[in-house]
Amino acid sequence: MKFETLAIHKGNQVTDQNQPVVQPITLSTTFIHGNETGALYTRAANPNRTSLEELIAVLERGEDAAAFSSGNAAGTAVFQALEAGSHIIAPNDMYHGLHNSMTMLFKRIHEVTFVDMSDLEKVKTAIKPNTKLIWVETPSNPLLKVTDVRKVAEIARKVNAILVCDNTFATPVFQYPLLLGADIVMHSSTKYFGGHSDILGGALVTKKKNDFWEKVKLVQKVGGAVPSAMDCYWLTRSMRTLAYRMKGHAEHAMILAEYLSAHPKVGKVHYPGLKSHPGHEIAASQMTGFGGVVSFEVKGGAAEADLLIQNLKLFANATSLGGVESIIERRAAVEGPDTLTPPNLIRVSVGLEHTDDLLEDLDQAFAVL
């Protein structure tokens, strides 16, 4: 079956005797011993979570998936599954939540080296004898850098390191990291999977079930950072429209990126769909669409960026992304004093409003500068 069909039918596991068209929500925290599925306790397994995990696994072309209560919980589970003393190579512009997980929670437990993952020589130079994990985020958050997953996979294989790719921005609608050579794919399902800014969640998908994956599943089960049955239900429901939402987000993002590129008050636009983007050719070789996030740098500084945001009416000044509504944010203000993000950089999660309305709103806000 094609992606759109799988998204609608694969996660809909109906076992209720009344045969409803939509899978029921199983709220019970415990199950009768000896039941057919072997369910025991909802932290270990729940019918709605099983359906969600099966759906995410098949959409990402993996063998198995594990759902978590947040994207940070999903990423942190990978770090927890590593042997103590492991060395990690990660992007220097990665999502700050997982950056903090590496540097705060696992300080003195693991080593980490942050590099520009779009520069393969820097990745190679960062390799150490104890390198066990290479973390890729492409396109990256918030600079929209592109990493050649195939080339980094070759580097990882040579040193027997696990390659994990954060596919949150692209989603499997536009990119299949496992087919490009990654071992595990990570998602903040809060974002495009949920798609409506009302569900918190995360997920991991493995190319193959192996010993390391069993450790990840153990962290999920014993650590217990799992989504509720209700969240799993809503997330599975939302993913039915993922393909169509992503096509709309990408179409609108390209329109905004082209508008911003031609605007005299914008210094730089970061969007891999633009031919001027340094990673455009690589992105085009491994993606079928370029996603719904655009970043741009306002001429001037933080004050000018803040003023622009304050005068927008349709763009919500908020953290997060992937919802049907357009969300805008000056990222450096959120990431803190140690951020490498330029202070005048604005990240836009382009929503599904009519682009004429979005451009008109930007016109009137820019007029204030």
# chains A, B, ... in the order shown; residues from 1 in each chain; ligands from 1
$ residues_around --residues "Ser188 of chain A" --least-positions-apart "6" --cutoff "6 Å" --atoms "only C-alpha atoms" --output "list in words"
Gly71, Thr168 and Gly202 of chain A
$ write_last_selection --atoms "C-alpha atoms" --output "PDB file, in the first residue's frame"
ATOM      1  CA  GLY A  71      10.533  13.913  21.833  1.00  0.00           C
ATOM      2  CA  THR A 168      11.060  15.543  12.821  1.00  0.00           C
ATOM      3  CA  GLY A 202       8.070  11.203  20.817  1.00  0.00           C
TER       4      GLY A 202
END
$ residues_around --residues "Phe290 of chain A" --least-positions-apart "6" --cutoff "9 Å" --atoms "only C-alpha atoms" --output "CSV table (one decimal) with N, CA, C and O atoms, in the first residue's frame"
chain,number,residue,atom,x,y,z
A,139,PRO,N,16.6,18.3,7.9
A,139,PRO,CA,17.2,19.6,8.1
A,139,PRO,C,17.2,19.9,9.6
A,139,PRO,O,16.4,19.4,10.4
A,169,PHE,N,11.6,17.3,11.2
A,169,PHE,CA,11.3,18.4,10.2
A,169,PHE,C,10.8,17.8,8.9
A,169,PHE,O,9.8,18.3,8.3
A,170,ALA,N,11.4,16.7,8.4
A,170,ALA,CA,11.1,16.2,7.1
A,170,ALA,C,9.9,15.2,7.2
A,170,ALA,O,9.0,15.2,6.3
A,174,PHE,N,8.6,13.1,3.4
A,174,PHE,CA,9.6,13.6,2.6
A,174,PHE,C,11.0,13.0,2.7
A,174,PHE,O,11.9,13.3,1.8
A,250,ALA,N,4.8,22.3,3.0
A,250,ALA,CA,5.9,22.5,2.2
A,250,ALA,C,5.6,23.5,1.0
A,250,ALA,O,6.5,24.4,0.7
A,251,GLU,N,4.4,23.4,0.5
A,251,GLU,CA,4.0,24.4,-0.6
A,251,GLU,C,4.0,25.8,0.0
A,251,GLU,O,4.6,26.7,-0.7
A,253,ALA,N,5.6,26.9,2.7
A,253,ALA,CA,7.0,27.3,3.1
A,253,ALA,C,7.8,27.8,1.9
A,253,ALA,O,8.5,28.8,2.1
A,254,MET,N,7.6,27.2,0.8
A,254,MET,CA,8.4,27.6,-0.4
A,254,MET,C,7.9,29.0,-0.8
A,254,MET,O,8.7,29.9,-1.2
A,271,TYR,N,16.3,27.9,3.9
A,271,TYR,CA,15.3,26.9,3.5
A,271,TYR,C,15.9,26.0,2.4
A,271,TYR,O,16.3,26.5,1.4
A,272,PRO,N,16.0,24.7,2.7
A,272,PRO,CA,16.7,23.9,1.7
A,272,PRO,C,16.0,23.7,0.3
A,272,PRO,O,16.6,23.3,-0.6
A,273,GLY,N,14.8,24.2,0.2
A,273,GLY,CA,14.1,24.2,-1.0
A,273,GLY,C,14.6,25.3,-2.0
A,273,GLY,O,14.4,25.2,-3.2
A,283,ALA,N,19.9,17.9,-0.3
A,283,ALA,CA,18.5,17.8,0.2
A,283,ALA,C,17.6,17.2,-0.9
A,283,ALA,O,16.8,16.3,-0.7
A,284,ALA,N,17.9,17.7,-2.2
A,284,ALA,CA,17.1,17.2,-3.3
A,284,ALA,C,17.4,15.7,-3.6
A,284,ALA,O,16.5,15.0,-4.1
$ residues_around --residues "Ala305 of chain A" --least-positions-apart "5" --cutoff "8 Å" --atoms "only C-alpha atoms" --output "list in words"
Glu297, Val298, Gly300, Arg330, Asn344, Leu345 and Ile346 of chain A
$ atom_distance --atom1 "atom CA of Gln23 of chain A" --atom2 "atom CA of Val226 of chain A"
19.4 Å
$ residues_around --residues "segment 360-365 of chain A" --least-positions-apart "5" --cutoff "10 Å" --atoms "only C-alpha atoms" --output "list in words"
Leu256, Tyr259, Leu260, His263, Leu307, Leu308, Ile309, Gln310, Asn311, Leu312, Lys313, Leu314, Phe315 and Thr355 of chain A
$ select_by_dssp --residues "segment 198-322 of chain A" --states "alpha helix (DSSP H)" --output "ChimeraX atom specification"
/A:211-218,229-239,242-261,280-286,302-310
$ residues_around --residues "Gly11 of chain A" --least-positions-apart "3" --cutoff "12 Å" --atoms "only C-alpha atoms" --output "PyMOL selection string"
chain A and resi 4-8+14+21-24+47-59+232-240
$ write_last_selection --atoms "N, CA, C and O atoms" --output "short mmCIF file (atom, residue, chain, number, x, y, z; two decimals), in the first residue's frame"
data_model
loop_
_atom_site.label_atom_id
_atom_site.label_comp_id
_atom_site.auth_asym_id
_atom_site.auth_seq_id
_atom_site.Cartn_x
_atom_site.Cartn_y
_atom_site.Cartn_z
N GLU A 4 -0.24 7.17 1.89
CA GLU A 4 -1.51 7.74 2.34
C GLU A 4 -2.47 6.66 2.83
O GLU A 4 -3.18 6.85 3.83
N THR A 5 -2.47 5.52 2.15
CA THR A 5 -3.35 4.41 2.52
C THR A 5 -2.90 3.77 3.83
O THR A 5 -3.72 3.48 4.71
N LEU A 6 -1.60 3.58 3.97
CA LEU A 6 -1.05 3.01 5.21
C LEU A 6 -1.38 3.91 6.40
O LEU A 6 -1.76 3.43 7.47
N ALA A 7 -1.23 5.22 6.21
CA ALA A 7 -1.47 6.16 7.31
C ALA A 7 -2.91 6.09 7.81
O ALA A 7 -3.18 6.27 8.99
N ILE A 8 -3.82 5.78 6.92
CA ILE A 8 -5.24 5.72 7.30
C ILE A 8 -5.61 4.37 7.90
O ILE A 8 -6.37 4.29 8.87
N VAL A 14 -8.89 -2.80 15.12
CA VAL A 14 -10.19 -2.95 15.77
C VAL A 14 -10.41 -4.39 16.21
O VAL A 14 -10.44 -5.31 15.40
N VAL A 21 -15.77 1.41 13.34
CA VAL A 21 -14.89 1.76 12.23
C VAL A 21 -13.56 2.31 12.76
O VAL A 21 -12.51 2.12 12.14
N VAL A 22 -13.60 2.99 13.91
CA VAL A 22 -12.40 3.57 14.51
C VAL A 22 -12.03 2.79 15.76
O VAL A 22 -12.90 2.42 16.55
N GLN A 23 -10.74 2.54 15.94
CA GLN A 23 -10.27 1.77 17.10
C GLN A 23 -10.69 2.43 18.42
O GLN A 23 -10.52 3.63 18.61
N PRO A 24 -11.23 1.66 19.35
CA PRO A 24 -11.61 2.20 20.67
C PRO A 24 -10.37 2.62 21.47
O PRO A 24 -9.25 2.19 21.19
N PRO A 47 -3.05 -1.38 23.86
CA PRO A 47 -3.50 -1.56 22.47
C PRO A 47 -3.36 -0.31 21.61
O PRO A 47 -2.98 -0.41 20.43
N ASN A 48 -3.64 0.85 22.18
CA ASN A 48 -3.52 2.08 21.39
C ASN A 48 -2.06 2.42 21.09
O ASN A 48 -1.74 2.90 20.00
N ARG A 49 -1.19 2.15 22.07
CA ARG A 49 0.24 2.41 21.81
C ARG A 49 0.80 1.40 20.81
O ARG A 49 1.61 1.76 19.94
N THR A 50 0.36 0.17 20.90
CA THR A 50 0.80 -0.84 19.94
C THR A 50 0.42 -0.43 18.52
O THR A 50 1.22 -0.53 17.59
N SER A 51 -0.81 0.05 18.34
CA SER A 51 -1.25 0.49 17.02
C SER A 51 -0.42 1.66 16.53
O SER A 51 -0.01 1.72 15.36
N LEU A 52 -0.15 2.62 17.42
CA LEU A 52 0.66 3.77 17.06
C LEU A 52 2.06 3.35 16.65
O LEU A 52 2.59 3.81 15.62
N GLU A 53 2.68 2.47 17.42
CA GLU A 53 4.04 2.03 17.12
C GLU A 53 4.10 1.26 15.81
O GLU A 53 5.04 1.43 15.02
N GLU A 54 3.11 0.42 15.56
CA GLU A 54 3.08 -0.31 14.30
C GLU A 54 2.93 0.64 13.12
O GLU A 54 3.55 0.46 12.06
N LEU A 55 2.12 1.67 13.30
CA LEU A 55 1.91 2.65 12.24
C LEU A 55 3.19 3.43 11.95
O LEU A 55 3.60 3.56 10.79
N ILE A 56 3.85 3.94 13.00
CA ILE A 56 5.06 4.73 12.80
C ILE A 56 6.16 3.88 12.17
O ILE A 56 6.90 4.33 11.29
N ALA A 57 6.27 2.62 12.61
CA ALA A 57 7.31 1.73 12.07
C ALA A 57 7.11 1.51 10.58
O ALA A 57 8.07 1.60 9.79
N VAL A 58 5.90 1.24 10.16
CA VAL A 58 5.67 0.96 8.74
C VAL A 58 5.83 2.21 7.89
O VAL A 58 6.35 2.15 6.76
N LEU A 59 5.45 3.37 8.43
CA LEU A 59 5.60 4.61 7.66
C LEU A 59 7.07 4.99 7.49
O LEU A 59 7.45 5.58 6.48
N CYS A 232 -2.04 8.40 22.45
CA CYS A 232 -1.76 7.47 21.35
C CYS A 232 -2.92 7.45 20.35
O CYS A 232 -2.71 7.44 19.13
N TYR A 233 -4.12 7.47 20.87
CA TYR A 233 -5.31 7.49 20.01
C TYR A 233 -5.33 8.75 19.16
O TYR A 233 -5.49 8.70 17.93
N TRP A 234 -5.17 9.91 19.81
CA TRP A 234 -5.23 11.17 19.08
C TRP A 234 -4.10 11.29 18.07
O TRP A 234 -4.27 11.82 16.96
N LEU A 235 -2.93 10.78 18.44
CA LEU A 235 -1.78 10.86 17.54
C LEU A 235 -2.00 9.98 16.30
O LEU A 235 -1.72 10.40 15.17
N THR A 236 -2.49 8.77 16.51
CA THR A 236 -2.78 7.88 15.39
C THR A 236 -3.83 8.51 14.48
O THR A 236 -3.73 8.44 13.25
N ARG A 237 -4.83 9.12 15.10
CA ARG A 237 -5.87 9.80 14.33
C ARG A 237 -5.27 10.93 13.48
O ARG A 237 -5.57 11.09 12.30
N SER A 238 -4.40 11.73 14.11
CA SER A 238 -3.81 12.87 13.40
C SER A 238 -2.94 12.43 12.23
O SER A 238 -2.89 13.10 11.19
N MET A 239 -2.25 11.32 12.38
CA MET A 239 -1.34 10.87 11.34
C MET A 239 -2.07 10.40 10.07
O MET A 239 -1.45 10.26 9.01
N ARG A 240 -3.36 10.22 10.16
CA ARG A 240 -4.12 9.85 8.96
C ARG A 240 -4.05 10.94 7.90
O ARG A 240 -4.17 10.67 6.71
#
$ residues_around --residues "Val112 of chain A" --least-positions-apart "2" --cutoff "8 Å" --atoms "only C-alpha atoms" --output "mmCIF file with C-alpha atoms, in the first residue's frame"
data_model
loop_
_atom_site.group_PDB
_atom_site.id
_atom_site.type_symbol
_atom_site.label_atom_id
_atom_site.label_comp_id
_atom_site.auth_asym_id
_atom_site.auth_seq_id
_atom_site.Cartn_x
_atom_site.Cartn_y
_atom_site.Cartn_z
ATOM 1 C CA HIS A 87 31.428 9.205 22.873
ATOM 2 C CA ILE A 88 28.684 10.925 20.871
ATOM 3 C CA ILE A 89 29.076 13.147 17.808
ATOM 4 C CA ALA A 90 26.183 15.566 17.407
ATOM 5 C CA MET A 102 23.485 15.328 26.390
ATOM 6 C CA THR A 103 25.321 18.060 28.264
ATOM 7 C CA HIS A 110 29.079 10.203 28.211
ATOM 8 C CA PHE A 114 29.384 19.055 18.652
#
$ residues_around --residues "Val293 of chain A" --least-positions-apart "5" --cutoff "7 Å" --atoms "only C-alpha atoms" --output "VMD selection string"
chain A and resid 253 348 to 350
